[in-house]
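Visitor: Got a structure for you, structure-v1.pdb, holding PDB, C-alpha atoms.
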ATOM      1  CA  MET A   1     239.497 -25.426 -23.470
ATOM      2  CA  VAL A   2     240.818 -22.930 -20.911
ATOM      3  CA  ALA A   3     243.128 -20.276 -22.336
ATOM      4  CA  PRO A   4     246.727 -20.346 -21.024
ATOM      5  CA  GLN A   5     246.365 -16.965 -19.359
ATOM      6  CA  ASP A   6     243.179 -18.092 -17.589
ATOM      7  CA  LYS A   7     244.886 -21.218 -16.282
ATOM      8  CA  SER A   8     247.817 -19.184 -14.982
ATOM      9  CA  SER A   9     245.407 -16.741 -13.362
ATOM     10  CA  LYS A  10     243.612 -19.581 -11.589
ATOM     11  CA  GLU A  11     246.902 -20.969 -10.308
ATOM     12  CA  MET A  12     247.894 -17.548  -8.981
ATOM     13  CA  LYS A  13     244.516 -17.064  -7.343
ATOM     14  CA  SER A  14     244.732 -20.494  -5.732
ATOM     15  CA  SER A  15     248.280 -19.952  -4.498
ATOM     16  CA  LYS A  16     247.343 -16.675  -2.798
ATOM     17  CA  LYS A  17     245.066 -18.632  -0.466
ATOM     18  CA  MET A  18     248.084 -20.453   0.881
ATOM     19  CA  LYS A  19     249.973 -19.293   3.955
ATOM     20  CA  PHE A  20     253.731 -19.603   4.038
ATOM     21  CA  ALA A  21     256.288 -19.862   6.809
ATOM     22  CA  SER A  22     259.721 -18.388   6.241
ATOM     23  CA  SER A  23     262.870 -18.163   8.319
ATOM     24  CA  SER A  24     261.602 -14.867   9.735
ATOM     25  CA  ALA A  25     257.810 -14.991   9.914
ATOM     26  CA  GLU A  26     254.653 -16.168   8.210
ATOM     27  CA  THR A  27     254.011 -14.364   4.985
ATOM     28  CA  GLU A  28     251.533 -14.335   2.149
ATOM     29  CA  PRO A  29     253.110 -15.337  -1.185
ATOM     30  CA  THR A  30     253.143 -13.112  -4.224
ATOM     31  CA  SER A  31     252.620 -14.181  -7.825
ATOM     32  CA  GLN A  32     256.375 -14.656  -8.139
ATOM     33  CA  THR A  33     256.229 -17.739  -5.906
ATOM     34  CA  THR A  34     253.970 -19.572  -8.379
ATOM     35  CA  ILE A  35     255.565 -21.707 -11.077
ATOM     36  CA  SER A  36     253.565 -22.965 -14.034
ATOM     37  CA  ASP A  37     255.240 -26.064 -15.421
ATOM     38  CA  ASP A  38     253.648 -27.458 -18.581
ATOM     39  CA  SER A  39     256.363 -30.029 -19.240
ATOM     40  CA  LYS A  40     254.957 -32.836 -17.085
ATOM     41  CA  THR A  41     256.948 -36.039 -17.297
ATOM     42  CA  GLY A  42     254.783 -37.995 -14.902
ATOM     43  CA  ARG A  43     251.989 -37.635 -12.367
ATOM     44  CA  GLY A  44     252.891 -35.053  -9.761
ATOM     45  CA  MET A  45     256.233 -34.196 -11.366
ATOM     46  CA  SER A  46     255.211 -30.569 -11.972
ATOM     47  CA  THR A  47     255.159 -30.135  -8.197
ATOM     48  CA  MET A  48     258.933 -30.590  -8.035
ATOM     49  CA  PRO A  49     259.991 -27.219  -9.556
ATOM     50  CA  ARG A  50     257.654 -25.346  -7.216
ATOM     51  CA  VAL A  51     259.015 -27.181  -4.195
ATOM     52  CA  VAL A  52     262.628 -26.594  -5.221
ATOM     53  CA  LYS A  53     262.061 -22.880  -5.829
ATOM     54  CA  ARG A  54     260.350 -22.461  -2.473
ATOM     55  CA  LYS A  55     263.208 -24.224  -0.716
ATOM     56  CA  LEU A  56     265.627 -21.756  -2.276
ATOM     57  CA  GLN A  57     263.385 -18.910  -1.129
ATOM     58  CA  LYS A  58     263.099 -20.516   2.330
ATOM     59  CA  LEU A  59     259.318 -20.622   2.025
ATOM     60  CA  ARG A  60     257.293 -23.521   3.398
ATOM     61  CA  PRO A  61     253.554 -23.688   2.654
ATOM     62  CA  ILE A  62     251.502 -24.246   5.822
ATOM     63  CA  VAL A  63     249.210 -27.260   5.464
ATOM     64  CA  GLU A  64     245.686 -26.558   6.723
ATOM     65  CA  TYR A  65     243.159 -28.954   8.259
ATOM     66  CA  ASN A  66     239.391 -28.971   8.660
ATOM     67  CA  LYS A  67     237.530 -29.384  11.942
ATOM     68  CA  ARG A  68     237.760 -33.168  11.617
ATOM     69  CA  GLY A  69     241.537 -33.046  11.336
ATOM     70  CA  LYS A  70     241.650 -33.852   7.621
ATOM     71  CA  GLY A  71     244.082 -31.991   5.384
ATOM     72  CA  ILE A  72     242.487 -29.483   2.986
ATOM     73  CA  GLY A  73     243.470 -26.728   0.579
ATOM     74  CA  GLN A  74     246.166 -26.092  -1.993
ATOM     75  CA  ALA A  75     249.132 -26.702   0.313
ATOM     76  CA  HIS A  76     247.803 -30.098   1.363
ATOM     77  CA  SER A  77     247.141 -31.046  -2.257
ATOM     78  CA  GLU A  78     250.659 -30.071  -3.324
ATOM     79  CA  MET A  79     252.181 -31.859  -0.343
ATOM     80  CA  GLN A  80     250.356 -35.052  -1.291
ATOM     81  CA  SER A  81     251.624 -34.759  -4.869
ATOM     82  CA  TYR A  82     255.159 -34.276  -3.578
ATOM     83  CA  ILE A  83     254.843 -37.303  -1.296
ATOM     84  CA  GLY A  84     253.751 -39.294  -4.341
ATOM     85  CA  VAL A  85     256.809 -38.202  -6.304
ATOM     86  CA  LEU A  86     259.086 -39.195  -3.422
ATOM     87  CA  ALA A  87     257.373 -42.553  -2.894
ATOM     88  CA  ARG A  88     257.688 -43.467  -6.566
ATOM     89  CA  SER A  89     261.234 -42.253  -7.078
ATOM     90  CA  ARG A  90     262.987 -42.988  -3.774
ATOM     91  CA  VAL A  91     261.456 -46.272  -2.608
ATOM     92  CA  PRO A  92     262.797 -49.335  -4.461
ATOM     93  CA  LEU A  93     260.345 -51.147  -6.714
ATOM     94  CA  VAL A  94     260.334 -54.428  -4.817
ATOM     95  CA  ASP A  95     257.779 -57.129  -4.053
ATOM     96  CA  LYS A  96     257.727 -56.352  -0.342
ATOM     97  CA  LYS A  97     255.462 -54.787   2.239
ATOM     98  CA  TRP A  98     255.972 -51.193   3.406
ATOM     99  CA  SER A  99     257.001 -52.477   6.843
ATOM    100  CA  GLN A 100     259.970 -54.196   5.173
ATOM    101  CA  ILE A 101     261.292 -51.014   3.571
ATOM    102  CA  PRO A 102     264.482 -49.745   5.309
ATOM    103  CA  LYS A 103     263.906 -47.059   7.939
ATOM    104  CA  ASP A 104     266.525 -44.753   6.430
ATOM    105  CA  ILE A 105     264.511 -44.484   3.197
ATOM    106  CA  LYS A 106     261.377 -43.568   5.148
ATOM    107  CA  GLU A 107     263.371 -41.035   7.120
ATOM    108  CA  GLN A 108     264.612 -39.438   3.885
ATOM    109  CA  ILE A 109     261.034 -39.056   2.661
ATOM    110  CA  TRP A 110     259.918 -37.443   5.922
ATOM    111  CA  GLU A 111     262.867 -35.051   5.993
ATOM    112  CA  ALA A 112     262.254 -33.996   2.384
ATOM    113  CA  VAL A 113     258.578 -33.271   3.084
ATOM    114  CA  ASP A 114     259.317 -31.536   6.391
ATOM    115  CA  MET A 115     261.816 -29.245   4.662
ATOM    116  CA  ALA A 116     259.270 -28.317   2.004
ATOM    117  CA  PHE A 117     256.054 -27.950   4.031
ATOM    118  CA  VAL A 118     254.842 -27.076   7.517
ATOM    119  CA  VAL A 119     253.029 -30.374   7.982
ATOM    120  CA  GLY A 120     251.195 -29.604  11.210
ATOM    121  CA  GLN A 121     248.686 -32.177  12.498
ATOM    122  CA  GLY A 122     249.677 -35.796  12.066
ATOM    123  CA  GLY A 123     253.284 -34.919  11.391
ATOM    124  CA  LYS A 124     255.675 -37.682  10.463
ATOM    125  CA  ASN A 125     253.179 -40.513  10.929
ATOM    126  CA  SER A 126     250.642 -39.031   8.515
ATOM    127  CA  VAL A 127     253.319 -38.315   5.891
ATOM    128  CA  LEU A 128     254.727 -41.842   5.979
ATOM    129  CA  ALA A 129     251.246 -43.382   5.973
ATOM    130  CA  SER A 130     250.502 -41.389   2.823
ATOM    131  CA  ALA A 131     253.819 -42.440   1.271
ATOM    132  CA  ALA A 132     253.024 -46.094   2.021
ATOM    133  CA  LYS A 133     249.657 -45.871   0.264
ATOM    134  CA  LYS A 134     251.064 -44.028  -2.734
ATOM    135  CA  TRP A 135     253.892 -46.554  -3.107
ATOM    136  CA  LYS A 136     251.371 -49.402  -2.991
ATOM    137  CA  ASP A 137     249.122 -47.619  -5.503
ATOM    138  CA  PHE A 138     252.116 -47.051  -7.784
ATOM    139  CA  LYS A 139     252.915 -50.761  -7.834
ATOM    140  CA  SER A 140     249.262 -51.499  -8.516
ATOM    141  CA  THR A 141     249.230 -49.031 -11.430
ATOM    142  CA  LEU A 142     252.331 -50.609 -12.941
ATOM    143  CA  THR A 143     250.828 -54.058 -12.560
ATOM    144  CA  ARG A 144     247.421 -53.226 -14.044
ATOM    145  CA  HIS A 145     248.530 -50.972 -16.893
ATOM    146  CA  TYR A 146     252.052 -52.012 -17.824
ATOM    147  CA  ILE A 147     252.413 -55.692 -16.926
ATOM    148  CA  LEU A 148     249.217 -57.783 -16.941
ATOM    149  CA  PRO A 149     247.989 -56.509 -20.342
ATOM    150  CA  TYR A 150     251.300 -57.671 -21.891
ATOM    151  CA  THR A 151     251.802 -61.094 -20.350
ATOM    152  CA  ASN A 152     252.300 -62.557 -23.839
ATOM    153  CA  ASP A 153     254.515 -59.749 -25.098
ATOM    154  CA  LYS A 154     258.016 -60.211 -23.680
ATOM    155  CA  GLU A 155     259.320 -57.271 -25.702
ATOM    156  CA  LYS A 156     256.908 -54.884 -24.002
ATOM    157  CA  LEU A 157     257.951 -56.152 -20.592
ATOM    158  CA  SER A 158     261.677 -56.007 -21.269
ATOM    159  CA  GLN A 159     262.038 -52.325 -20.347
ATOM    160  CA  PRO A 160     260.470 -50.013 -17.725
ATOM    161  CA  PRO A 161     257.614 -47.824 -19.062
ATOM    162  CA  GLU A 162     258.646 -44.617 -20.805
ATOM    163  CA  THR A 163     256.569 -42.656 -18.295
ATOM    164  CA  TYR A 164     258.722 -43.925 -15.427
ATOM    165  CA  LYS A 165     262.252 -43.854 -16.786
ATOM    166  CA  PHE A 166     263.705 -43.563 -13.296
ATOM    167  CA  ILE A 167     262.948 -47.243 -12.585
ATOM    168  CA  GLU A 168     266.143 -49.299 -12.713
ATOM    169  CA  LYS A 169     265.982 -52.179 -15.192
ATOM    170  CA  ALA A 170     267.110 -54.774 -12.642
ATOM    171  CA  GLN A 171     264.298 -53.718 -10.296
ATOM    172  CA  TRP A 172     261.807 -53.695 -13.151
ATOM    173  CA  ASP A 173     262.764 -57.206 -14.288
ATOM    174  CA  ALA A 174     262.437 -58.583 -10.749
ATOM    175  CA  PHE A 175     259.106 -56.806 -10.231
ATOM    176  CA  VAL A 176     257.695 -58.132 -13.514
ATOM    177  CA  ALA A 177     258.752 -61.666 -12.582
ATOM    178  CA  SER A 178     257.007 -61.351  -9.208
ATOM    179  CA  ARG A 179     253.789 -60.128 -10.887
ATOM    180  CA  LEU A 180     253.760 -63.028 -13.330
ATOM    181  CA  SER A 181     254.222 -65.667 -10.613
ATOM    182  CA  LYS A 182     251.458 -68.127  -9.685
ATOM    183  CA  ASP A 183     251.422 -66.830  -6.115
ATOM    184  CA  PHE A 184     250.621 -63.302  -7.275
ATOM    185  CA  GLU A 185     248.016 -64.571  -9.743
ATOM    186  CA  SER A 186     246.129 -66.150  -6.844
ATOM    187  CA  VAL A 187     246.294 -62.998  -4.690
ATOM    188  CA  HIS A 188     245.296 -60.777  -7.618
ATOM    189  CA  SER A 189     242.247 -62.936  -8.302
ATOM    190  CA  GLN A 190     241.112 -62.638  -4.673
ATOM    191  CA  HIS A 191     241.471 -58.848  -4.729
ATOM    192  CA  ALA A 192     239.542 -58.635  -8.005
ATOM    193  CA  GLN A 193     236.629 -60.489  -6.413
ATOM    194  CA  ILE A 194     236.634 -58.049  -3.493
ATOM    195  CA  ARG A 195     236.636 -55.026  -5.837
ATOM    196  CA  GLU A 196     233.627 -56.404  -7.704
ATOM    197  CA  LYS A 197     231.603 -56.220  -4.495
ATOM    198  CA  LEU A 198     232.245 -52.472  -4.113
ATOM    199  CA  GLU A 199     229.124 -51.304  -5.932
ATOM    200  CA  TYR A 200     228.865 -47.707  -4.775
ATOM    201  CA  ASN A 201     232.288 -46.185  -5.416
ATOM    202  CA  HIS A 202     232.716 -42.407  -5.184
ATOM    203  CA  ARG A 203     234.082 -40.135  -7.930
ATOM    204  CA  LEU A 204     236.420 -38.004  -5.810
ATOM    205  CA  SER A 205     239.812 -39.152  -7.070
ATOM    206  CA  ARG A 206     242.587 -37.459  -5.017
ATOM    207  CA  LYS A 207     240.265 -34.826  -3.522
ATOM    208  CA  GLU A 208     238.696 -37.352  -1.120
ATOM    209  CA  TYR A 209     235.970 -36.531   1.394
ATOM    210  CA  ALA A 210     237.956 -33.846   3.237
ATOM    211  CA  GLY A 211     238.493 -31.899   0.018
ATOM    212  CA  LEU A 212     234.832 -32.217  -0.935
ATOM    213  CA  GLU A 213     233.713 -30.999   2.489
ATOM    214  CA  ASP A 214     236.050 -28.006   2.225
ATOM    215  CA  GLN A 215     234.643 -27.167  -1.206
ATOM    216  CA  LEU A 216     231.021 -27.430  -0.053
ATOM    217  CA  GLU A 217     231.666 -25.237   2.994
ATOM    218  CA  GLU A 218     233.006 -22.527   0.667
ATOM    219  CA  THR A 219     230.106 -22.734  -1.799
ATOM    220  CA  MET A 220     227.387 -23.275   0.848
ATOM    221  CA  PRO A 221     228.325 -20.873   3.708
ATOM    222  CA  GLY A 222     226.262 -21.238   6.847
ATOM    223  CA  VAL A 223     224.873 -24.622   5.808
ATOM    224  CA  GLU A 224     225.809 -27.649   7.906
ATOM    225  CA  ILE A 225     227.351 -30.313   5.679
ATOM    226  CA  ASP A 226     226.156 -33.638   7.064
ATOM    227  CA  ARG A 227     227.507 -37.046   6.080
ATOM    228  CA  SER A 228     224.533 -37.984   3.943
ATOM    229  CA  THR A 229     225.163 -34.884   1.806
ATOM    230  CA  LEU A 230     228.835 -35.837   1.458
ATOM    231  CA  TRP A 231     227.942 -39.395   0.451
ATOM    232  CA  LYS A 232     225.611 -38.200  -2.306
ATOM    233  CA  ARG A 233     227.831 -35.375  -3.581
ATOM    234  CA  ALA A 234     230.828 -37.728  -3.732
ATOM    235  CA  ARG A 235     228.983 -39.778  -6.338
ATOM    236  CA  GLN A 236     227.652 -36.947  -8.493
ATOM    237  CA  ASP A 237     229.188 -35.713 -11.736
ATOM    238  CA  LYS A 238     229.894 -32.035 -12.464
ATOM    239  CA  HIS A 239     226.248 -31.534 -13.448
ATOM    240  CA  GLY A 240     224.937 -32.844 -10.123
ATOM    241  CA  ASN A 241     223.755 -36.163 -11.543
ATOM    242  CA  ILE A 242     224.665 -39.677 -10.390
ATOM    243  CA  PRO A 243     225.531 -41.528 -13.641
ATOM    244  CA  ASP A 244     225.371 -45.045 -12.215
ATOM    245  CA  PRO A 245     221.673 -46.073 -11.949
ATOM    246  CA  LYS A 246     222.403 -48.527  -9.124
ATOM    247  CA  VAL A 247     224.171 -45.816  -7.092
ATOM    248  CA  ALA A 248     221.408 -43.294  -7.879
ATOM    249  CA  GLU A 249     218.788 -45.706  -6.594
ATOM    250  CA  LYS A 250     220.752 -46.265  -3.393
ATOM    251  CA  ALA A 251     221.141 -42.494  -2.899
ATOM    252  CA  LYS A 252     217.337 -42.141  -2.826
ATOM    253  CA  LEU A 253     217.308 -44.369   0.243
ATOM    254  CA  ILE A 254     219.511 -41.997   2.252
ATOM    255  CA  PRO A 255     217.211 -39.786   4.341
ATOM    256  CA  SER A 256     218.148 -36.263   5.368
ATOM    257  CA  LEU A 257     218.870 -37.285   8.959
ATOM    258  CA  GLY A 258     222.229 -38.709   7.855
ATOM    259  CA  LEU A 259     221.572 -42.431   7.791
ATOM    260  CA  ALA A 260     222.227 -44.793   4.924
ATOM    261  CA  ASP A 261     220.360 -47.958   4.050
ATOM    262  CA  CYS A 262     222.925 -50.403   2.740
ATOM    263  CA  LYS A 263     222.561 -54.019   1.823
ATOM    264  CA  GLY A 264     225.316 -56.527   2.019
ATOM    265  CA  LYS A 265     226.781 -58.838   4.594
ATOM    266  CA  GLU A 266     225.311 -56.516   7.249
ATOM    267  CA  GLY A 267     221.741 -57.328   6.097
ATOM    268  CA  ASN A 268     218.852 -54.935   5.512
ATOM    269  CA  ARG A 269     219.303 -52.316   8.205
ATOM    270  CA  LEU A 270     220.298 -48.694   8.681
ATOM    271  CA  PHE A 271     223.697 -47.489   9.795
ATOM    272  CA  SER A 272     225.386 -44.106  10.021
ATOM    273  CA  VAL A 273     227.052 -42.993   6.805
ATOM    274  CA  SER A 274     230.482 -43.261   8.413
ATOM    275  CA  SER A 275     229.847 -47.003   8.724
ATOM    276  CA  ALA A 276     228.054 -47.094   5.411
ATOM    277  CA  ARG A 277     231.125 -45.780   3.581
ATOM    278  CA  SER A 278     232.799 -49.150   3.972
ATOM    279  CA  SER A 279     229.623 -51.189   3.500
ATOM    280  CA  CYS A 280     228.431 -49.134   0.510
ATOM    281  CA  GLY A 281     231.769 -49.210  -1.239
ATOM    282  CA  ARG A 282     233.055 -45.853  -0.046
TER     283      ARG A 282
END
Translate the structure of the given file into structure tokens.

Guide:
Amino acid sequence: MVAPQDKSSKEMKSSKKMKFASSSAETEPTSQTTISDDSKTGRGMSTMPRVVKRKLQKLRPIVEYNKRGKGIGQAHSEMQSYIGVLARSRVPLVDKKWSQIPKDIKEQIWEAVDMAFVVGQGGKNSVLASAAKKWKDFKSTLTRHYILPYTNDKEKLSQPPETYKFIEKAQWDAFVASRLSKDFESVHSQHAQIREKLEYNHRLSRKEYAGLEDQLEETMPGVEIDRSTLWKRARQDKHGNIPDPKVAEKAKLIPSLGLADCKGKEGNRLFSVSSARSSCGR
């Protein structure tokens, strides 16, 4: 277990890598701009105090991007967490598509993020695309962990989960009813069949490929990080091993020239790893 002082030190070290924009000029933050919040009430909620404090100080972290235009670094990570908080707390929990959500709600999310961060590349479109995915993922999490396991326990389903107390009961009741409908059962079954075919899933969580590439470029300076390396590293554990034997066997088939041999509906042939990510269960 990491000692409290070590954890705080790591947070301070990480935050010093971030660049900030203020009302006057860009500035490097000091340790006083870092807030350590141990009282998490939900995923990403500890980001909120930091964002609020920075707003009061008129500091906006500058989001950085790699050469492929993908967001990287601490500011990007915190911005994504903040977008998640906004998507879960400001968008109604309804059985609708993102395109059906009122424009004023989307505008509120963008304005909140734009006030807190210098978004840079992608701008509003990238922020709202991220919010859409996080809102969809949130509904999926609620369905898989808080609804479907308790289909025969009406008491459990009568109130929103303790973790997400901000959900209004009327919205929760309507959402539960939609998830227990025959129409949803059919759709859920189809999606489950699709997920079963994704045999070579990565282990990156929220870091994603852009974050992994950024990490490898720091630890392997001067070495070109090709896509085959990314594909393999994305499936390794912290010890450099690939736990899943099926994935490990497939990794052996990826030659150093950056091609991947994937089987599936495409047949037995080689494609670039960028194509293989979808075929190999990115």

Visitor: One number please: CA of Ile62 (chain A) to CA of Ile225 (chain A), in Å, one decimal.

Guide: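 Result for CA of Ile62 (chain A) versus CA of Ile225 (chain A): 24.9 Å, one decimal.
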
Visitor: Evaluate the PyMOL selection byres ((chain A and resi 63) around 10) against this structure - the residues, as a VMD selection string, please.

Guide: chain A and resid 18 to 20 60 to 62 64 to 65 71 to 79 117 to 121

Visitor: Please indicate the distance in Å from CA of Gln108 (chain A) to CA of Ser140 (chain A), rounded to one decimal place.

Guide: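 Going from CA of Gln108 (chain A) over to CA of Ser140 (chain A), I get 23.1 Å.
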
Visitor: If I take CA of Thr143 (chain A) and CA of Ser99 (chain A), how far is one from the other in Å, to one decimal?

Guide: 20.4 Å

Visitor: Starting from the PyMOL selection byres ((chain A and resi 115) around 12), expand the selection into actual residues of this file and give them as an MDAnalysis selection string.

Guide: chainID A and resid 21:23 51:52 54:62 79 82 108:114 116:119 124

Visitor: Taking 6 positions as the minimum chain separation for residues in the same chain, which residues sit within 12 Å of Asp95 (chain A) when counting only C-alpha atoms? Answer as a list in words.

Guide: Ile101, Trp135, Lys136, Lys139, Ser140, Thr143, Gln171, Trp172, Asp173, Ala174, Phe175, Val176, Ala177, Ser178, Arg179, Leu180, Ser181, Asp183 and Phe184 of chain A

Visitor: Name the closest residue to Arg88 (chain A) among the candidates A:Lys252, A:Lys17, A:Arg144, A:Lys165; distances are taken between atoms, counting all atoms listed in the file.

Guide: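 Of the candidates, the smallest distance to Arg88 (chain A) is held by A:Lys165.
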
Visitor: Taking 5 positions as the minimum chain separation for residues in the same chain, which residues sit within 10 Å of Pro102 (chain A) when counting only C-alpha atoms? Answer as a count of residues only.

Guide: 3

Visitor: Once the PyMOL selection byres ((chain A and resi 134) around 9) has been evaluated on this model, what residues remain selected, and can you format them as a ChimeraX atom specification?

Guide: /A:83-85,87-88,129-133,135-139

Visitor: Of the candidates A:Asn125, A:Trp231, A:Lys238, A:Met48, which shows the shortest atom-to-atom distance to Ala251 (chain A), using all atoms listed in the file?

Guide: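 The closest residue to Ala251 (chain A) is A:Trp231.
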
Visitor: Go through A:Thr141, A:Leu128, A:Lys53, A:Asp153 and flag the residue nearest Lys103 (chain A), using all atoms listed in the file for the distances.

Guide: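 Using all atoms listed in the file, the shortest distance to Lys103 (chain A) belongs to A:Leu128.
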